[in-house]
Amino acid sequence: MFNSLKEIKLMTLFIFTLIIHNSYGSVPSFNNISSTQIEGILKDFASNFFPSTGSPASNGVKDFGAEVSLSAGLSNAENINSTVSESFSNLPKFGANIIVSLPKGFGLEAIGLSLNTEGLQYKFNSLGIGWTFTDIFKFPLDLKIKTQYSRGHIRFNQELSGNKIAVQYENSSLIFGATISKKAFIIFEPFYSIGHIDSTNTLSSAGATSIFDVSVSTSSKSDVKLKDIYQTIGMRINAYVFNLSFEKTEVFNNSIYLAKIGMYY
């Protein structure tokens, strides 16, 4: 049984790796970004870097235990799409997640992904702590409060006016939120989350030619603060040691769609 589960995990990881490689095989080609376009582009990237965990309020395992999972999805990128000649209406979103359950309803949540292929570097890390206090105070619904901090960047090369340009986007975010969920018919667990996100964003380029119009000031593209209320609605399906989650998040005027497959230990 152990060998079979190990093979399933390895095969799943291999499939996700292929998806990541193929999805990030092309990158947007920015040119002459104006001052009216920069905020929308930053919102699209910030949405993609939202620390999605695909988790309801209840702990998957009581006391000490862990859930290891892989996630994949899409985030809207209509602002980027309007500034480039190729189609980029959505950006792929991936993650490797681990949630550690502790006594008294406490838990740790971590997300990590590092990708380095020809012409592209992607890195994302997130760490959060949550407390499902209904594990102590009995309520008909599970309720969790949490805070989460994340950092990430994407770097890629593009051609502009015959020159090779290095483009970099950097993000750091802090969220505070609450999740409510209810188990139904043993295996189904719908959930809803709401909270606040503060993010700092920078888009830059290096090379002989700039991707920005001369009207774009340094302050409008470097260390730009974005704040918003996020909302997530989702469903987790529990099946023995496995679980499958689907969720949709609205943030920065964008939608994020995510699916996650996990295993309890």
# chains A, B, ... in the order shown; residues from 1 in each chain; ligands from 1

call {"tool": "residues_around", "arguments": {"residues": "region 252-263 of chain A", "least_positions_apart": "3", "cutoff": "7 Å", "atoms": "only C-alpha atoms", "output": "ChimeraX atom specification"}}
result
/A:43,47,54,67-76,228,241-249

call {"tool": "residues_around", "arguments": {"residues": "region 33-37 of chain A", "least_positions_apart": "3", "cutoff": "6 Å", "atoms": "only C-alpha atoms", "output": "PyMOL selection string"}}
result
chain A and resi 40+212-213+215-216

call {"tool": "select_by_dssp", "arguments": {"residues": "region 33-121 of chain A", "states": "alpha helix (DSSP H)", "output": "mmCIF file with N, CA and C atoms, in the first residue's frame"}}
result
data_model
loop_
_atom_site.group_PDB
_atom_site.id
_atom_site.type_symbol
_atom_site.label_atom_id
_atom_site.label_comp_id
_atom_site.auth_asym_id
_atom_site.auth_seq_id
_atom_site.Cartn_x
_atom_site.Cartn_y
_atom_site.Cartn_z
ATOM 1 N N ILE A 38 -0.151 50.679 -15.586
ATOM 2 C CA ILE A 38 0.747 50.024 -14.645
ATOM 3 C C ILE A 38 0.010 49.441 -13.440
ATOM 4 N N GLU A 39 -0.976 50.163 -12.879
ATOM 5 C CA GLU A 39 -1.666 49.656 -11.699
ATOM 6 C C GLU A 39 -2.431 48.369 -12.016
ATOM 7 N N GLY A 40 -3.063 48.323 -13.195
ATOM 8 C CA GLY A 40 -3.791 47.123 -13.594
ATOM 9 C C GLY A 40 -2.880 45.921 -13.761
ATOM 10 N N ILE A 41 -1.698 46.137 -14.332
ATOM 11 C CA ILE A 41 -0.726 45.053 -14.495
ATOM 12 C C ILE A 41 -0.277 44.534 -13.131
ATOM 13 N N LEU A 42 -0.007 45.460 -12.209
ATOM 14 C CA LEU A 42 0.404 45.045 -10.862
ATOM 15 C C LEU A 42 -0.715 44.279 -10.158
ATOM 16 N N LYS A 43 -1.965 44.663 -10.359
ATOM 17 C CA LYS A 43 -3.084 43.946 -9.753
ATOM 18 C C LYS A 43 -3.193 42.524 -10.309
ATOM 19 N N ASP A 44 -2.949 42.357 -11.607
ATOM 20 C CA ASP A 44 -2.999 41.018 -12.207
ATOM 21 C C ASP A 44 -1.935 40.111 -11.608
ATOM 22 N N PHE A 45 -0.706 40.620 -11.507
ATOM 23 C CA PHE A 45 0.371 39.816 -10.918
ATOM 24 C C PHE A 45 0.110 39.553 -9.436
ATOM 25 N N ALA A 46 -0.370 40.566 -8.713
ATOM 26 C CA ALA A 46 -0.639 40.398 -7.281
ATOM 27 C C ALA A 46 -1.735 39.361 -7.048
ATOM 28 N N SER A 47 -2.723 39.308 -7.926
ATOM 29 C CA SER A 47 -3.773 38.294 -7.814
ATOM 30 C C SER A 47 -3.180 36.909 -7.982
ATOM 31 N N ASN A 48 -2.284 36.756 -8.946
ATOM 32 C CA ASN A 48 -1.658 35.459 -9.177
ATOM 33 C C ASN A 48 -0.819 35.007 -7.991
ATOM 34 N N GLU A 78 -6.639 40.282 -17.385
ATOM 35 C CA GLU A 78 -7.157 41.091 -18.483
ATOM 36 C C GLU A 78 -6.356 42.380 -18.668
ATOM 37 N N ASN A 79 -5.810 42.922 -17.589
ATOM 38 C CA ASN A 79 -5.013 44.142 -17.718
ATOM 39 C C ASN A 79 -3.715 43.879 -18.465
ATOM 40 N N ILE A 80 -3.064 42.755 -18.153
ATOM 41 C CA ILE A 80 -1.871 42.366 -18.910
ATOM 42 C C ILE A 80 -2.246 42.096 -20.356
ATOM 43 N N ASN A 81 -3.369 41.409 -20.551
ATOM 44 C CA ASN A 81 -3.819 41.039 -21.891
ATOM 45 C C ASN A 81 -4.010 42.269 -22.780
#

call {"tool": "residues_around", "arguments": {"residues": "Phe191 (chain A)", "least_positions_apart": "6", "cutoff": "6 Å", "atoms": "only C-alpha atoms", "output": "PyMOL selection string"}}
result
chain A and resi 56+180-181+233-235

call {"tool": "write_last_selection", "arguments": {"atoms": "C-alpha atoms", "output": "PDB file, in the first residue's frame"}}
result
ATOM      1  CA  PRO A  56     -11.888  24.978   5.004  1.00  0.00           C
ATOM      2  CA  ILE A 180     -16.274  29.340   8.076  1.00  0.00           C
ATOM      3  CA  SER A 181     -17.201  25.817   6.969  1.00  0.00           C
ATOM      4  CA  ILE A 233     -15.914  30.276  -1.740  1.00  0.00           C
ATOM      5  CA  GLY A 234     -14.998  26.625  -2.077  1.00  0.00           C
ATOM      6  CA  MET A 235     -15.644  22.973  -1.431  1.00  0.00           C
TER       7      MET A 235
END

call {"tool": "residues_around", "arguments": {"residues": "Ile129 (chain A)", "least_positions_apart": "2", "cutoff": "6 Å", "atoms": "only C-alpha atoms", "output": "JSON, numbers by chain"}}
result
{"A": [107, 108, 146, 147]}

call {"tool": "write_last_selection", "arguments": {"atoms": "N, CA and C atoms", "output": "mmCIF file, in the first residue's frame"}}
result
data_model
loop_
_atom_site.group_PDB
_atom_site.id
_atom_site.type_symbol
_atom_site.label_atom_id
_atom_site.label_comp_id
_atom_site.auth_asym_id
_atom_site.auth_seq_id
_atom_site.Cartn_x
_atom_site.Cartn_y
_atom_site.Cartn_z
ATOM 1 N N GLY A 107 -2.906 25.632 13.845
ATOM 2 C CA GLY A 107 -2.331 25.011 12.670
ATOM 3 C C GLY A 107 -1.384 25.948 11.941
ATOM 4 N N LEU A 108 -0.444 25.371 11.227
ATOM 5 C CA LEU A 108 0.500 26.112 10.397
ATOM 6 C C LEU A 108 0.257 25.771 8.937
ATOM 7 N N LYS A 146 -7.044 33.471 10.757
ATOM 8 C CA LYS A 146 -5.653 33.218 10.387
ATOM 9 C C LYS A 146 -4.979 34.475 9.868
ATOM 10 N N THR A 147 -3.660 34.449 9.883
ATOM 11 C CA THR A 147 -2.836 35.459 9.257
ATOM 12 C C THR A 147 -1.769 34.755 8.441
#

call {"tool": "select_by_dssp", "arguments": {"residues": "region 46-239 of chain A", "states": "strand (DSSP E or B)", "output": "ChimeraX atom specification"}}
result
/A:65-76,90-101,106-117,120-132,142-160,163-181,184,188-206,212,224-239

call {"tool": "atom_distance", "arguments": {"atom1": "CA of Lys227 (chain A)", "atom2": "CA of Glu86 (chain A)"}}
result
29.0 Å

call {"tool": "closest_residue", "arguments": {"among": "A:Leu160, A:Ile194, A:Leu226, A:Ala57", "to": "Thr132 (chain A)", "atoms": "only C-alpha atoms"}}
result
A:Ala57
